[in-house]
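Data block below; observations after.
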Amino acid sequence: MSNTGSVSPVIDELIESLKSLPGLGPRSAARIANHLLVNDRAAALRLAQALDDACRKIGRCEYCNTLSESSVCPICADAERDHEQLCIVESPADQRVIEETMTYHGLYFVLMGLISPIQGIGGTQLGLEKLMTRIEASEIKEVMIATPYTPEGDATAHFIAQAIKARGFDIHVTRLARGVPAGVELEYTDANTIANAIFARR
Ligand SMILES: [Zn+2]
């Protein structure tokens with residue numbers, strides 16, 4: 001590889017690695033690489049260590065699928081929480097937003113994505129079997145679907161509601177609705193709005 005302008009294969013590799021991060025183009029990647037190497041090597045080493053630690057120690061909770069250091073995450077293991085309520089979210093970031101409202105005390109299932117026919121992601125690719133097994137083996141009486149108001153979020157909510165109905169589970173299914181403006185991603189909605197949506201779902 002004799003790229004024009006390349007001074008070091010090691011730096012090239014660093015830039016290539018940074019480019020794989022979402023939202024980072026070649027210029028931003030090069031700028032970050034230079035910043036770390038020129039201005040802040042301590043931060044660079046701390047970042048490397050944190051990534052190494054996280055990749056070694058973080059797996060998935062066997063119940064709710066969220067990122068977790070233990071095989072059962074602290075929320076699923078908490079006997080004080082309402083084990084009859086399940087809130088389904090797209091990502092750990094959305095789960096964090098709902099936790100911050102301090103108004104929801106049930107359990108979660110974290111999808112780690114959404115159904116997207118365009119990208120060929122259906123219920124199977126998204127691993128929705130794990131969700132159904134989870135519901136079947138539980139005492140869940142209410143499912144609250146908190147996917148975003150996008151075509152993918154709608155398709156996912158519809159799919160899950162249909163799957164629960166088709167299996168004949170006696171479960172009340174709602175969608176986190178009022179108060180969250182259509183088209184707004186959960187992650188960017190403030191805690192009060194979400195708290196209102198949680199209370200308004202009946
Ligand atoms: Zn869990």
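Ordered as shown in the structure tokens, chains take letters A, B, and onward, while each chain numbers its residues from 1 and ligands are numbered from 1 in the order shown.
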12 Å shell around ligand 1 using only C-alpha atoms and all ligand atoms, listed as number ranges by chain | A: 59-78, 81, 83, 86-88, 92, 95, 106-111, 131, 134
How about saving the chosen residues, C-alpha atoms kept, as a PDB file, in the first residue's frame?
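So the final result, stored in part_16.pdb, reads:
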ATOM      1  CA  GLY A  59     -21.791  -9.222  26.844  1.00  0.00           C
ATOM      2  CA  ARG A  60     -25.584  -9.392  26.568  1.00  0.00           C
ATOM      3  CA  CYS A  61     -28.096  -9.920  29.364  1.00  0.00           C
ATOM      4  CA  GLU A  62     -29.666 -13.321  28.763  1.00  0.00           C
ATOM      5  CA  TYR A  63     -33.132 -11.963  29.625  1.00  0.00           C
ATOM      6  CA  CYS A  64     -33.382  -8.478  28.149  1.00  0.00           C
ATOM      7  CA  ASN A  65     -30.589  -8.553  25.548  1.00  0.00           C
ATOM      8  CA  THR A  66     -29.038  -5.287  26.745  1.00  0.00           C
ATOM      9  CA  LEU A  67     -25.288  -4.779  27.127  1.00  0.00           C
ATOM     10  CA  SER A  68     -24.228  -6.130  30.488  1.00  0.00           C
ATOM     11  CA  GLU A  69     -21.174  -7.137  32.515  1.00  0.00           C
ATOM     12  CA  SER A  70     -23.090 -10.008  34.100  1.00  0.00           C
ATOM     13  CA  SER A  71     -25.164 -12.730  32.395  1.00  0.00           C
ATOM     14  CA  VAL A  72     -28.259 -11.190  34.014  1.00  0.00           C
ATOM     15  CA  CYS A  73     -28.201  -7.376  34.099  1.00  0.00           C
ATOM     16  CA  PRO A  74     -28.889  -5.421  37.329  1.00  0.00           C
ATOM     17  CA  ILE A  75     -32.376  -4.353  36.137  1.00  0.00           C
ATOM     18  CA  CYS A  76     -33.525  -7.914  35.340  1.00  0.00           C
ATOM     19  CA  ALA A  77     -32.001  -9.152  38.613  1.00  0.00           C
ATOM     20  CA  ASP A  78     -33.827  -6.491  40.674  1.00  0.00           C
ATOM     21  CA  ARG A  81     -38.999  -4.038  39.888  1.00  0.00           C
ATOM     22  CA  HIS A  83     -41.817  -8.235  36.633  1.00  0.00           C
ATOM     23  CA  LEU A  86     -42.072  -5.223  29.785  1.00  0.00           C
ATOM     24  CA  CYS A  87     -40.956  -2.184  27.804  1.00  0.00           C
ATOM     25  CA  ILE A  88     -39.481  -2.897  24.365  1.00  0.00           C
ATOM     26  CA  PRO A  92     -29.529   0.700  25.279  1.00  0.00           C
ATOM     27  CA  GLN A  95     -33.473   2.267  27.692  1.00  0.00           C
ATOM     28  CA  GLY A 106     -40.884  -2.657  34.965  1.00  0.00           C
ATOM     29  CA  LEU A 107     -38.455  -4.711  32.886  1.00  0.00           C
ATOM     30  CA  TYR A 108     -37.075  -4.173  29.383  1.00  0.00           C
ATOM     31  CA  PHE A 109     -36.267  -5.955  26.194  1.00  0.00           C
ATOM     32  CA  VAL A 110     -33.643  -4.252  24.041  1.00  0.00           C
ATOM     33  CA  LEU A 111     -33.996  -5.069  20.339  1.00  0.00           C
ATOM     34  CA  LEU A 131     -38.201 -11.834  22.733  1.00  0.00           C
ATOM     35  CA  ARG A 134     -38.669 -14.305  26.995  1.00  0.00           C
TER      36      ARG A 134
END
In range 64-136 of chain A, DSSP strand (DSSP E) residues written as a PyMOL selection string | chain A and resi 67-68+82-89+106-110
What is the distance, in Å and to one decimal place, between CA of Met144 in chain A and CA of Pro22 in chain A?
-> 29.0 Å
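Considering the residues A:Ala79, A:Ile171, A:Ile115, A:Ile11 and counting only C-alpha atoms, Ala155 in chain A has its shortest atom-to-atom contact with A:Ile115.
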